[in-house]
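Colleague: Attaching a single structure in structure tokens format; questions to follow.
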Amino acid sequence: MSRTTCSKRPLYPGRRLLALSGLATTLLLTSGCPICRVPPRPAPYVAESGPRLMTDRETGLSWNRQVGDERSWEDARAWCEALEFAERDDWRLPSLEELRRLYDTRFEQPCEDEKNPCHVDPALELGGAWFWSGTSGGAGRRYYIDFRFGTEFSPMLKPGLKRRVLCVADAKTGSPER
């Protein structure tokens with residue numbers, strides 16, 4: 001078990017408490033130390049091939065950090081599929097589950113709503129909160145995620161409904177057969 005040191009007065013002097021971990025933050029309560037934040041685990045991403053590409057160490061997914069403008073779902077899908085970047089042409093809209101992995105309350109970055117920050121690694125530079133997924137929510141519906149609150153929506157697709165776009169490519173390299 002890792003320990004941290006604190007210079008603050010003890011909250012529970014002489015008591016030994018267990019390490020607690022949660023989804024977003026890990027706290028360590030130690031003898032003679034108030035609640036101390038254990039340094040967070042490193043972000044799962046590493047930057048590669050310049051400033052526009054990130055790779056998830058756990059899944060191997062490559063993320064194009066160049067966030068697309070707001071687009072309709074059809075335009076977003078077409079934009080990702082037409083993308084040729086980092087010697088790859090297998091870009092696509094991410095699944096809802098892949099987008100969920102990006103939501104992380106350890107991070108805060110500005111969104112269009114000044115009161116509620118987006119909870120995504122700032123390396124992605126979102127510029128907005130709502131992002132399309134490639135996941136269907138039923139006939140004529142597609143999911144998108146709100147990175148301010150981690151909520152998901154599956155509205156009927158309408159011509160005026162536009163969201164931002166993040167493109168992803170699978171762990172393997174090269175072009176899959178289409």
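Residues in the structure tokens are numbered from 1 in each chain, the chains being A, B, ... in the order shown, and ligands are numbered from 1 in the order shown.
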Fewer than 5 positions away in the same chain doesn't count, so skip those; otherwise give me all residues within 7 Å of Ser62 of chain A, counting only C-alpha atoms, as a short mmCIF file (atom, residue, chain, number, x, y, z; two decimals) with N, CA and C atoms, in the first residue's frame.

Modeller:
```cif
data_model
loop_
_atom_site.label_atom_id
_atom_site.label_comp_id
_atom_site.auth_asym_id
_atom_site.auth_seq_id
_atom_site.Cartn_x
_atom_site.Cartn_y
_atom_site.Cartn_z
N LEU A 53 -2.63 13.03 -31.74
CA LEU A 53 -2.97 11.63 -31.57
C LEU A 53 -2.70 11.19 -30.14
N MET A 54 -3.65 10.49 -29.54
CA MET A 54 -3.47 9.90 -28.21
C MET A 54 -3.82 8.43 -28.28
N THR A 55 -3.08 7.62 -27.54
CA THR A 55 -3.34 6.19 -27.50
C THR A 55 -3.65 5.77 -26.07
N ASP A 56 -4.72 5.04 -25.90
CA ASP A 56 -5.11 4.52 -24.59
C ASP A 56 -4.24 3.31 -24.30
N VAL A 168 -11.99 7.68 -33.43
CA VAL A 168 -11.17 6.66 -32.79
C VAL A 168 -10.81 5.60 -33.82
N ALA A 169 -9.66 4.94 -33.61
CA ALA A 169 -9.25 3.81 -34.45
C ALA A 169 -8.87 2.67 -33.53
N ASP A 170 -9.13 1.46 -33.97
CA ASP A 170 -8.86 0.27 -33.16
C ASP A 170 -7.37 0.07 -32.94
N ALA A 171 -7.05 -0.82 -32.01
CA ALA A 171 -5.67 -1.07 -31.60
C ALA A 171 -4.78 -1.54 -32.74
#
```

Colleague: Find the residues near Ser133 of chain A: any atom within 9 Å, counting only C-alpha atoms, skip ones fewer than 5 places away on the same chain, and give them as a list in words.

Modeller: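 Residues meeting the cut-off are Trp73, Arg77, Leu93, Pro94, Ser95, Leu96, Glu97, Glu98, Leu99, Arg142, Tyr143, Tyr144, Ile145, Val165 and Leu166 of chain A.
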
Colleague: Would you mind listing what lies within 12 Å of Glu74 of chain A as a list in words, with only C-alpha atoms counted and same-chain residues fewer than 4 positions away left out?

Modeller: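 The filter keeps Glu70, Ala78, Trp79, Cys80, Glu81, Arg92, Leu93, Trp132, Ser133, Gly134, Gly140, Arg141, Arg142, Leu157, Lys158, Pro159, Gly160, Leu161, Lys162, Arg163 and Val165 of chain A.
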
Colleague: Generate the output file for the selected residues, N, CA and C atoms, as a tab-separated table (two decimals), in the first residue's frame.

Modeller:
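As written to disk, selection.tsv reads:
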```
chain	number	residue	atom	x	y	z
A	70	GLU	N	-19.21	20.93	-34.52
A	70	GLU	CA	-20.53	20.33	-34.36
A	70	GLU	C	-21.05	19.92	-35.73
A	78	ALA	N	-19.51	10.26	-41.39
A	78	ALA	CA	-18.80	10.40	-42.66
A	78	ALA	C	-17.44	11.08	-42.47
A	79	TRP	N	-17.38	12.09	-41.59
A	79	TRP	CA	-16.13	12.80	-41.34
A	79	TRP	C	-15.07	11.86	-40.78
A	80	CYS	N	-15.45	11.04	-39.79
A	80	CYS	CA	-14.49	10.09	-39.21
A	80	CYS	C	-14.06	9.05	-40.24
A	81	GLU	N	-15.00	8.51	-40.98
A	81	GLU	CA	-14.66	7.48	-41.96
A	81	GLU	C	-13.78	8.00	-43.08
A	92	ARG	N	-13.26	5.96	-37.05
A	92	ARG	CA	-14.71	5.78	-36.93
A	92	ARG	C	-15.21	6.57	-35.73
A	93	LEU	N	-16.54	6.68	-35.60
A	93	LEU	CA	-17.12	7.24	-34.38
A	93	LEU	C	-16.93	6.23	-33.25
A	132	TRP	N	-20.97	12.84	-30.19
A	132	TRP	CA	-21.65	11.70	-30.79
A	132	TRP	C	-20.91	10.40	-30.53
A	133	SER	N	-21.69	9.33	-30.45
A	133	SER	CA	-21.13	7.98	-30.46
A	133	SER	C	-21.67	7.28	-31.70
A	134	GLY	N	-21.09	6.15	-32.03
A	134	GLY	CA	-21.59	5.35	-33.13
A	134	GLY	C	-22.65	4.36	-32.68
A	140	GLY	N	-33.59	5.22	-35.84
A	140	GLY	CA	-33.50	6.67	-35.97
A	140	GLY	C	-32.90	7.38	-34.77
A	141	ARG	N	-32.26	6.66	-33.86
A	141	ARG	CA	-31.68	7.25	-32.66
A	141	ARG	C	-30.20	6.90	-32.56
A	142	ARG	N	-29.40	7.85	-32.07
A	142	ARG	CA	-27.98	7.61	-31.81
A	142	ARG	C	-27.64	8.24	-30.47
A	157	LEU	N	-32.91	11.41	-34.39
A	157	LEU	CA	-32.03	12.25	-35.22
A	157	LEU	C	-32.89	13.21	-36.03
A	158	LYS	N	-32.58	14.48	-35.91
A	158	LYS	CA	-33.27	15.53	-36.64
A	158	LYS	C	-32.23	16.36	-37.36
A	159	PRO	N	-32.58	17.00	-38.47
A	159	PRO	CA	-31.59	17.76	-39.24
A	159	PRO	C	-30.83	18.81	-38.45
A	160	GLY	N	-31.45	19.47	-37.48
A	160	GLY	CA	-30.79	20.53	-36.73
A	160	GLY	C	-29.99	20.05	-35.52
A	161	LEU	N	-30.04	18.74	-35.21
A	161	LEU	CA	-29.35	18.22	-34.03
A	161	LEU	C	-27.88	17.99	-34.36
A	162	LYS	N	-27.01	18.78	-33.73
A	162	LYS	CA	-25.57	18.69	-34.00
A	162	LYS	C	-24.81	18.54	-32.69
A	163	ARG	N	-23.76	17.74	-32.75
A	163	ARG	CA	-22.89	17.52	-31.61
A	163	ARG	C	-21.45	17.52	-32.12
A	165	VAL	N	-17.44	15.96	-32.46
A	165	VAL	CA	-16.97	14.67	-32.97
A	165	VAL	C	-15.56	14.37	-32.47
```

Colleague: DSSP on the backbone, strand (DSSP E or B) only: what residues of segment 46-102 of chain A does that give? Format it as a PyMOL selection string.

Modeller: chain A and resi 46-48+53-56+62-71+85+88+92

Colleague: My list of candidates is A:Glu58, A:Glu152, A:Asp75, A:Asp146. Which is closest to Asp113 of chain A when distances are computed with only C-alpha atoms?

Modeller: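 Using only C-alpha atoms, the shortest distance to Asp113 of chain A belongs to A:Asp146.
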
Colleague: Could you find all residues in segment 73-112 of chain A that DSSP calls alpha helix (DSSP H) from the backbone, and write them as a VMD selection string?

Modeller: chain A and resid 73 to 82 96 to 102

Colleague: Rounded to one decimal place, report the atom CA of Gly128 of chain A-atom CA of Asn116 of chain A distance in Å.

Modeller: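 Between atom CA of Gly128 of chain A and atom CA of Asn116 of chain A the gap is 11.1 Å.
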
Colleague: Restricting the calculation to only C-alpha atoms, which member of A:Arg57, A:Arg71, A:Arg148, A:Arg65 is positioned closest to Pro117 of chain A?

Modeller: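 The answer is A:Arg148, which sits nearest to Pro117 of chain A.
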
Colleague: Env of segment 120-124 of chain A: 12 Å cut, atoms = only C-alpha atoms, seq-sep filter 5 positions within chain, self excluded. Answer as an mmCIF file with C-alpha atoms, in the first residue's frame.

Modeller:
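What follows is the written file part31.cif:
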```cif
data_model
loop_
_atom_site.group_PDB
_atom_site.id
_atom_site.type_symbol
_atom_site.label_atom_id
_atom_site.label_comp_id
_atom_site.auth_asym_id
_atom_site.auth_seq_id
_atom_site.Cartn_x
_atom_site.Cartn_y
_atom_site.Cartn_z
ATOM 1 C CA ALA A 24 -12.742 8.885 -9.623
ATOM 2 C CA PRO A 42 -1.478 8.175 -14.310
ATOM 3 C CA ALA A 43 -3.890 8.998 -17.077
ATOM 4 C CA PRO A 44 -4.249 6.041 -19.397
ATOM 5 C CA TYR A 45 -3.220 8.089 -22.394
ATOM 6 C CA VAL A 46 0.099 8.752 -24.031
ATOM 7 C CA ALA A 47 0.624 11.269 -26.806
ATOM 8 C CA GLU A 48 2.081 9.862 -30.012
ATOM 9 C CA PRO A 51 0.031 16.717 -30.768
ATOM 10 C CA ARG A 52 -3.045 15.317 -32.559
ATOM 11 C CA LEU A 53 -2.970 11.628 -31.567
ATOM 12 C CA MET A 54 -3.472 9.901 -28.212
ATOM 13 C CA THR A 55 -3.344 6.187 -27.500
ATOM 14 C CA ASP A 56 -5.110 4.520 -24.589
ATOM 15 C CA TRP A 63 -7.899 8.920 -30.471
ATOM 16 C CA ASN A 64 -7.656 11.797 -32.907
ATOM 17 C CA ARG A 65 -7.261 14.800 -30.621
ATOM 18 C CA GLN A 66 -8.446 17.143 -33.355
ATOM 19 C CA VAL A 67 -12.021 17.563 -32.186
ATOM 20 C CA GLY A 68 -14.414 18.094 -35.053
ATOM 21 C CA LEU A 99 -16.672 7.519 -24.760
ATOM 22 C CA ARG A 100 -17.613 6.519 -21.202
ATOM 23 C CA ARG A 101 -13.974 5.521 -20.600
ATOM 24 C CA LEU A 102 -12.922 9.117 -21.344
ATOM 25 C CA TYR A 103 -15.180 10.584 -18.642
ATOM 26 C CA ASP A 104 -13.013 11.070 -15.554
ATOM 27 C CA THR A 105 -13.924 13.365 -12.649
ATOM 28 C CA ARG A 106 -10.240 13.761 -11.717
ATOM 29 C CA PHE A 107 -10.013 16.210 -14.594
ATOM 30 C CA GLU A 108 -11.744 19.515 -15.204
ATOM 31 C CA GLN A 109 -11.500 21.602 -18.320
ATOM 32 C CA PRO A 110 -13.609 24.475 -19.609
ATOM 33 C CA CYS A 111 -16.763 23.668 -21.543
ATOM 34 C CA ALA A 129 -19.565 19.006 -23.800
ATOM 35 C CA TRP A 130 -21.677 16.872 -26.154
ATOM 36 C CA ILE A 145 -22.514 11.805 -24.113
ATOM 37 C CA ASP A 146 -22.364 14.959 -22.021
ATOM 38 C CA PHE A 147 -18.832 15.199 -20.588
ATOM 39 C CA ARG A 148 -19.909 17.700 -17.918
ATOM 40 C CA PHE A 149 -22.021 15.177 -16.025
ATOM 41 C CA GLY A 150 -21.277 11.816 -17.684
ATOM 42 C CA VAL A 165 -16.971 14.673 -32.967
ATOM 43 C CA LEU A 166 -14.061 12.609 -31.631
ATOM 44 C CA CYS A 167 -12.753 9.910 -33.954
#
```
